[in-house]
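Printed here is coords18.cif (mmCIF, N, CA and C atoms):
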```cif
data_structure
#
loop_
_atom_site.label_atom_id
_atom_site.label_comp_id
_atom_site.auth_asym_id
_atom_site.auth_seq_id
_atom_site.Cartn_x
_atom_site.Cartn_y
_atom_site.Cartn_z
N GLN A 238 16.39 3.81 12.98
CA GLN A 238 15.57 4.79 12.28
C GLN A 238 14.22 4.18 11.96
N ARG A 239 13.17 4.90 12.32
CA ARG A 239 11.82 4.43 12.01
C ARG A 239 11.51 4.72 10.55
N GLN A 240 11.10 3.70 9.82
CA GLN A 240 10.81 3.89 8.41
C GLN A 240 9.91 2.79 7.86
N LEU A 241 9.33 3.10 6.72
CA LEU A 241 8.52 2.14 5.96
C LEU A 241 9.23 1.88 4.64
N VAL A 242 9.26 0.65 4.22
CA VAL A 242 9.91 0.29 2.96
C VAL A 242 8.94 -0.54 2.13
N GLU A 243 8.60 -0.02 0.94
CA GLU A 243 7.73 -0.74 0.02
C GLU A 243 8.56 -1.54 -0.98
N SER A 244 7.98 -2.60 -1.47
CA SER A 244 8.60 -3.40 -2.52
C SER A 244 7.51 -4.15 -3.27
N GLY A 245 7.91 -4.74 -4.41
CA GLY A 245 6.98 -5.58 -5.15
C GLY A 245 6.42 -4.96 -6.41
N GLY A 246 6.74 -3.70 -6.66
CA GLY A 246 6.25 -3.07 -7.87
C GLY A 246 6.94 -3.64 -9.10
N GLY A 247 6.42 -3.25 -10.27
CA GLY A 247 7.02 -3.71 -11.52
C GLY A 247 6.13 -3.42 -12.70
N LEU A 248 6.48 -4.04 -13.81
CA LEU A 248 5.73 -3.88 -15.06
C LEU A 248 4.90 -5.14 -15.29
N VAL A 249 3.63 -4.95 -15.56
CA VAL A 249 2.73 -6.07 -15.77
C VAL A 249 1.76 -5.72 -16.89
N GLN A 250 1.30 -6.72 -17.60
CA GLN A 250 0.30 -6.50 -18.65
C GLN A 250 -1.09 -6.35 -18.02
N ALA A 251 -1.95 -5.69 -18.74
CA ALA A 251 -3.34 -5.54 -18.29
C ALA A 251 -3.93 -6.93 -18.01
N GLY A 252 -4.64 -7.01 -16.90
CA GLY A 252 -5.20 -8.29 -16.48
C GLY A 252 -4.31 -9.07 -15.54
N GLY A 253 -3.08 -8.62 -15.38
CA GLY A 253 -2.14 -9.31 -14.52
C GLY A 253 -2.28 -8.94 -13.05
N SER A 254 -1.37 -9.50 -12.25
CA SER A 254 -1.43 -9.31 -10.79
C SER A 254 -0.07 -8.96 -10.24
N LEU A 255 -0.08 -8.24 -9.14
CA LEU A 255 1.12 -7.95 -8.37
C LEU A 255 0.74 -7.90 -6.90
N THR A 256 1.71 -8.21 -6.05
CA THR A 256 1.51 -8.04 -4.62
C THR A 256 2.61 -7.12 -4.08
N LEU A 257 2.20 -6.01 -3.50
CA LEU A 257 3.13 -5.06 -2.90
C LEU A 257 3.29 -5.37 -1.42
N SER A 258 4.48 -5.07 -0.91
CA SER A 258 4.77 -5.26 0.52
C SER A 258 5.20 -3.93 1.12
N CYS A 259 4.84 -3.74 2.36
CA CYS A 259 5.28 -2.57 3.13
C CYS A 259 5.75 -3.09 4.49
N THR A 260 7.05 -2.96 4.72
CA THR A 260 7.64 -3.46 5.95
C THR A 260 8.11 -2.29 6.80
N ALA A 261 7.78 -2.37 8.08
CA ALA A 261 8.13 -1.29 9.00
C ALA A 261 9.37 -1.63 9.80
N SER A 262 10.20 -0.63 10.00
CA SER A 262 11.36 -0.76 10.88
C SER A 262 11.16 0.13 12.09
N ARG A 263 11.23 -0.46 13.27
CA ARG A 263 11.11 0.27 14.52
C ARG A 263 9.77 0.97 14.67
N ILE A 264 8.76 0.48 13.96
CA ILE A 264 7.39 0.94 14.10
C ILE A 264 6.55 -0.31 14.27
N ARG A 265 5.76 -0.32 15.35
CA ARG A 265 4.97 -1.53 15.61
C ARG A 265 3.66 -1.45 14.84
N PHE A 266 3.65 -2.11 13.69
CA PHE A 266 2.49 -2.06 12.80
C PHE A 266 1.23 -2.57 13.47
N SER A 267 1.35 -3.56 14.32
CA SER A 267 0.17 -4.23 14.86
C SER A 267 -0.73 -3.27 15.63
N ALA A 268 -0.17 -2.17 16.11
CA ALA A 268 -0.95 -1.23 16.91
C ALA A 268 -1.62 -0.15 16.08
N ASN A 269 -1.33 -0.12 14.77
CA ASN A 269 -1.76 1.01 13.95
C ASN A 269 -2.53 0.58 12.72
N ALA A 270 -3.37 1.46 12.23
CA ALA A 270 -3.92 1.29 10.90
C ALA A 270 -2.82 1.60 9.88
N VAL A 271 -2.85 0.91 8.77
CA VAL A 271 -1.89 1.12 7.69
C VAL A 271 -2.66 1.30 6.39
N ALA A 272 -2.24 2.27 5.61
CA ALA A 272 -2.93 2.56 4.36
C ALA A 272 -1.98 2.50 3.18
N TRP A 273 -2.55 2.22 2.02
CA TRP A 273 -1.85 2.36 0.75
C TRP A 273 -2.45 3.53 -0.01
N TYR A 274 -1.58 4.31 -0.61
CA TYR A 274 -1.96 5.40 -1.49
C TYR A 274 -1.23 5.21 -2.81
N ARG A 275 -1.67 5.95 -3.83
CA ARG A 275 -0.95 5.92 -5.10
C ARG A 275 -0.99 7.30 -5.73
N GLN A 276 0.01 7.53 -6.57
CA GLN A 276 0.09 8.81 -7.27
C GLN A 276 0.54 8.57 -8.69
N ALA A 277 -0.34 8.91 -9.63
CA ALA A 277 -0.02 8.81 -11.03
C ALA A 277 0.58 10.14 -11.50
N PRO A 278 1.35 10.11 -12.57
CA PRO A 278 1.97 11.35 -13.07
C PRO A 278 0.93 12.43 -13.32
N GLY A 279 1.16 13.61 -12.79
CA GLY A 279 0.26 14.72 -13.00
C GLY A 279 -0.96 14.72 -12.11
N ASN A 280 -1.10 13.70 -11.28
CA ASN A 280 -2.28 13.59 -10.41
C ASN A 280 -1.89 13.75 -8.95
N GLN A 281 -2.90 14.06 -8.15
CA GLN A 281 -2.67 14.10 -6.71
C GLN A 281 -2.61 12.69 -6.15
N ARG A 282 -1.97 12.56 -5.00
CA ARG A 282 -1.93 11.27 -4.33
C ARG A 282 -3.33 10.90 -3.88
N GLU A 283 -3.73 9.66 -4.13
CA GLU A 283 -5.07 9.23 -3.77
C GLU A 283 -5.00 7.99 -2.88
N TRP A 284 -5.94 7.92 -1.99
CA TRP A 284 -6.06 6.79 -1.07
C TRP A 284 -6.56 5.56 -1.83
N VAL A 285 -5.99 4.40 -1.48
CA VAL A 285 -6.35 3.15 -2.15
C VAL A 285 -7.06 2.20 -1.19
N ALA A 286 -6.45 1.96 -0.03
CA ALA A 286 -7.01 0.97 0.90
C ALA A 286 -6.39 1.17 2.27
N THR A 287 -7.12 0.71 3.29
CA THR A 287 -6.66 0.77 4.68
C THR A 287 -6.99 -0.54 5.38
N VAL A 288 -6.04 -0.98 6.20
CA VAL A 288 -6.32 -2.09 7.12
C VAL A 288 -6.14 -1.57 8.53
N ALA A 289 -7.18 -1.74 9.35
CA ALA A 289 -7.14 -1.27 10.73
C ALA A 289 -6.31 -2.21 11.59
N SER A 290 -5.99 -1.75 12.79
CA SER A 290 -5.19 -2.58 13.68
C SER A 290 -5.88 -3.91 13.98
N GLY A 291 -7.21 -3.89 13.98
CA GLY A 291 -7.95 -5.12 14.25
C GLY A 291 -8.20 -5.97 13.03
N GLY A 292 -7.78 -5.46 11.86
CA GLY A 292 -7.91 -6.25 10.63
C GLY A 292 -9.02 -5.81 9.69
N ALA A 293 -9.89 -4.91 10.13
CA ALA A 293 -10.95 -4.44 9.24
C ALA A 293 -10.34 -3.69 8.06
N THR A 294 -10.96 -3.81 6.91
CA THR A 294 -10.41 -3.22 5.69
C THR A 294 -11.43 -2.30 5.01
N ARG A 295 -10.90 -1.31 4.29
CA ARG A 295 -11.69 -0.42 3.46
C ARG A 295 -10.96 -0.19 2.17
N TYR A 296 -11.73 0.05 1.09
CA TYR A 296 -11.14 0.21 -0.23
C TYR A 296 -11.77 1.38 -0.98
N ALA A 297 -10.96 2.01 -1.80
CA ALA A 297 -11.50 2.99 -2.73
C ALA A 297 -12.35 2.26 -3.76
N GLY A 298 -13.38 2.93 -4.23
CA GLY A 298 -14.28 2.29 -5.18
C GLY A 298 -13.59 1.82 -6.44
N SER A 299 -12.54 2.53 -6.85
CA SER A 299 -11.87 2.20 -8.11
C SER A 299 -11.07 0.90 -8.05
N VAL A 300 -10.80 0.40 -6.85
CA VAL A 300 -9.98 -0.81 -6.74
C VAL A 300 -10.74 -1.98 -6.13
N ASN A 301 -11.90 -1.73 -5.61
CA ASN A 301 -12.71 -2.78 -4.99
C ASN A 301 -13.56 -3.47 -6.04
N PRO A 302 -13.54 -4.79 -6.17
CA PRO A 302 -12.91 -5.79 -5.32
C PRO A 302 -11.60 -6.35 -5.86
N ARG A 303 -10.94 -5.61 -6.76
CA ARG A 303 -9.74 -6.16 -7.40
C ARG A 303 -8.54 -6.22 -6.46
N PHE A 304 -8.49 -5.33 -5.48
CA PHE A 304 -7.35 -5.26 -4.57
C PHE A 304 -7.72 -5.83 -3.21
N HIS A 305 -6.70 -6.36 -2.52
CA HIS A 305 -6.93 -6.93 -1.19
C HIS A 305 -5.76 -6.52 -0.29
N ILE A 306 -6.07 -5.84 0.81
CA ILE A 306 -5.04 -5.43 1.76
C ILE A 306 -5.10 -6.35 2.97
N TYR A 307 -3.93 -6.78 3.43
CA TYR A 307 -3.90 -7.64 4.61
C TYR A 307 -2.56 -7.45 5.31
N ARG A 308 -2.51 -7.93 6.54
CA ARG A 308 -1.32 -7.70 7.34
C ARG A 308 -0.81 -9.00 7.94
N ASP A 309 0.50 -9.03 8.13
CA ASP A 309 1.15 -10.13 8.86
C ASP A 309 1.91 -9.47 10.00
N ASN A 310 1.32 -9.46 11.17
CA ASN A 310 1.92 -8.76 12.29
C ASN A 310 3.23 -9.40 12.74
N ASP A 311 3.36 -10.70 12.55
CA ASP A 311 4.61 -11.37 12.93
C ASP A 311 5.78 -10.85 12.09
N LYS A 312 5.50 -10.49 10.85
CA LYS A 312 6.54 -9.96 9.96
C LYS A 312 6.55 -8.44 9.93
N ASN A 313 5.65 -7.82 10.69
CA ASN A 313 5.55 -6.36 10.70
C ASN A 313 5.40 -5.81 9.28
N THR A 314 4.55 -6.48 8.50
CA THR A 314 4.41 -6.17 7.08
C THR A 314 2.93 -6.11 6.71
N VAL A 315 2.62 -5.17 5.84
CA VAL A 315 1.29 -5.07 5.25
C VAL A 315 1.43 -5.27 3.75
N TYR A 316 0.48 -5.98 3.17
CA TYR A 316 0.52 -6.33 1.76
C TYR A 316 -0.66 -5.70 1.02
N LEU A 317 -0.47 -5.47 -0.26
CA LEU A 317 -1.55 -5.07 -1.14
C LEU A 317 -1.52 -6.00 -2.35
N GLN A 318 -2.45 -6.92 -2.35
CA GLN A 318 -2.58 -7.86 -3.46
C GLN A 318 -3.47 -7.22 -4.52
N MET A 319 -2.95 -7.09 -5.72
CA MET A 319 -3.65 -6.40 -6.80
C MET A 319 -3.88 -7.37 -7.95
N THR A 320 -5.13 -7.53 -8.33
CA THR A 320 -5.47 -8.42 -9.42
C THR A 320 -6.19 -7.65 -10.52
N ASN A 321 -6.27 -8.28 -11.70
CA ASN A 321 -6.92 -7.66 -12.85
C ASN A 321 -6.47 -6.21 -13.02
N LEU A 322 -5.17 -6.01 -13.00
CA LEU A 322 -4.63 -4.66 -13.10
C LEU A 322 -4.94 -4.05 -14.46
N GLN A 323 -5.18 -2.75 -14.45
CA GLN A 323 -5.51 -2.01 -15.65
C GLN A 323 -4.55 -0.84 -15.82
N PRO A 324 -4.41 -0.32 -17.04
CA PRO A 324 -3.47 0.80 -17.25
C PRO A 324 -3.73 1.98 -16.31
N GLN A 325 -4.95 2.21 -15.93
CA GLN A 325 -5.25 3.32 -15.02
C GLN A 325 -4.77 3.06 -13.60
N ASP A 326 -4.27 1.86 -13.32
CA ASP A 326 -3.67 1.57 -12.02
C ASP A 326 -2.20 1.96 -11.98
N THR A 327 -1.66 2.36 -13.10
CA THR A 327 -0.26 2.78 -13.17
C THR A 327 -0.02 3.97 -12.26
N ALA A 328 0.94 3.84 -11.34
CA ALA A 328 1.21 4.88 -10.37
C ALA A 328 2.38 4.45 -9.50
N VAL A 329 2.87 5.38 -8.70
CA VAL A 329 3.76 5.03 -7.60
C VAL A 329 2.88 4.76 -6.39
N TYR A 330 3.10 3.64 -5.75
CA TYR A 330 2.30 3.23 -4.61
C TYR A 330 3.10 3.44 -3.32
N PHE A 331 2.43 4.05 -2.35
CA PHE A 331 3.06 4.39 -1.07
C PHE A 331 2.26 3.76 0.07
N CYS A 332 2.97 3.34 1.11
CA CYS A 332 2.26 2.97 2.33
C CYS A 332 2.44 4.06 3.37
N ASN A 333 1.51 4.07 4.31
CA ASN A 333 1.41 5.17 5.27
C ASN A 333 0.87 4.65 6.59
N THR A 334 1.42 5.19 7.68
CA THR A 334 0.87 4.89 8.98
C THR A 334 1.15 6.05 9.92
N VAL A 335 0.41 6.08 11.00
CA VAL A 335 0.65 7.05 12.06
C VAL A 335 0.94 6.27 13.33
N SER A 336 2.07 6.55 13.93
CA SER A 336 2.48 5.85 15.13
C SER A 336 2.91 6.87 16.18
N ARG A 337 2.25 6.84 17.33
CA ARG A 337 2.57 7.75 18.44
C ARG A 337 2.57 9.20 17.97
N GLY A 338 1.58 9.54 17.14
CA GLY A 338 1.42 10.91 16.70
C GLY A 338 2.32 11.33 15.55
N GLN A 339 3.15 10.43 15.07
CA GLN A 339 4.06 10.72 13.97
C GLN A 339 3.58 9.98 12.72
N GLU A 340 3.49 10.73 11.61
CA GLU A 340 3.07 10.12 10.36
C GLU A 340 4.31 9.67 9.58
N TYR A 341 4.19 8.49 8.99
CA TYR A 341 5.29 7.92 8.23
C TYR A 341 4.81 7.54 6.83
N TRP A 342 5.69 7.80 5.86
CA TRP A 342 5.48 7.41 4.46
C TRP A 342 6.69 6.61 4.00
N GLY A 343 6.43 5.63 3.16
CA GLY A 343 7.53 4.96 2.51
C GLY A 343 7.99 5.74 1.30
N GLN A 344 9.01 5.21 0.63
CA GLN A 344 9.58 5.91 -0.53
C GLN A 344 8.81 5.66 -1.81
N GLY A 345 7.94 4.65 -1.79
CA GLY A 345 7.12 4.35 -2.95
C GLY A 345 7.70 3.25 -3.81
N THR A 346 6.80 2.56 -4.50
CA THR A 346 7.21 1.53 -5.46
C THR A 346 6.37 1.71 -6.73
N GLN A 347 7.03 1.65 -7.87
CA GLN A 347 6.37 1.93 -9.15
C GLN A 347 5.63 0.71 -9.65
N VAL A 348 4.38 0.93 -10.03
CA VAL A 348 3.59 -0.09 -10.71
C VAL A 348 3.22 0.45 -12.08
N THR A 349 3.56 -0.29 -13.11
CA THR A 349 3.24 0.11 -14.47
C THR A 349 2.47 -1.01 -15.15
N VAL A 350 1.29 -0.67 -15.67
CA VAL A 350 0.43 -1.65 -16.32
C VAL A 350 0.33 -1.29 -17.80
N SER A 351 0.76 -2.19 -18.64
CA SER A 351 0.72 -1.96 -20.09
C SER A 351 -0.57 -2.53 -20.67
N SER A 352 -1.03 -1.85 -21.71
CA SER A 352 -2.30 -2.30 -22.34
C SER A 352 -2.04 -3.31 -23.43
#
```
Written form, structure tokens:
Amino acid sequence: QRQLVESGGGLVQAGGSLTLSCTASRIRFSANAVAWYRQAPGNQREWVATVASGGATRYAGSVNPRFHIYRDNDKNTVYLQMTNLQPQDTAVYFCNTVSRGQEYWGQGTQVTVSS
């Protein structure tokens, strides 16, 4: 079964750091751009960052330069390193990719930042 699985979320104090992982099963990440999105309670899902197949990165203004997206193609995994986390970063974080015309979402991982 082709799927994305996120991990690494948790509870952290403001100013802290977390690194999220997104691992693909039966989807070749190296050929695709991979993005992270987040959704806070009562809000729409918003784009956070993207890493292209060649490694180029883009970030939403609200997370740049605190967040860093990178990929390890050998592990078929994309990471989101988050530093200086703030309460407004609290959300469920999802990874996303499109492979052979099919869009895939992971189940999400909760990040909670306490003030």
Ser351 of chain A environment, 6.5 Å, all atoms listed in the file, sequence neighbours closer than 2 positions dropped, as an MDAnalysis selection string = chainID A and resid 248:251 323:324 349
Centre and edge lengths, as AutoDock Vina command-line options, for the axis-aligned box enclosing every listed atom of segment 278-291 of chain A with 6 Å of padding on each of the six sides, in Å to one decimal?
```
--center_x -3.1 --center_y 4.4 --center_z 0.5 --size_x 22.2 --size_y 32.7 --size_z 39.6
```
Exercise. Name the residues in contact with segment 287-298 of chain A at a cut-off of 5 Å, using only N, CA and C atoms, excluding same-chain residues fewer than 4 positions from it; report them as JSON, numbers by chain.
Key: {"A": [267, 268, 269, 270, 271, 272, 273]}
Students should find that atom CA of Met319 of chain A and atom CA of Arg239 of chain A are spaced 26.7 Å
(Q) Among segment 272-311 of chain A, which ones does DSSP assign to strand (DSSP E) (computed from the backbone)? Answer as a ChimeraX atom specification. (A) /A:272-276,283-288,294-296,304-309
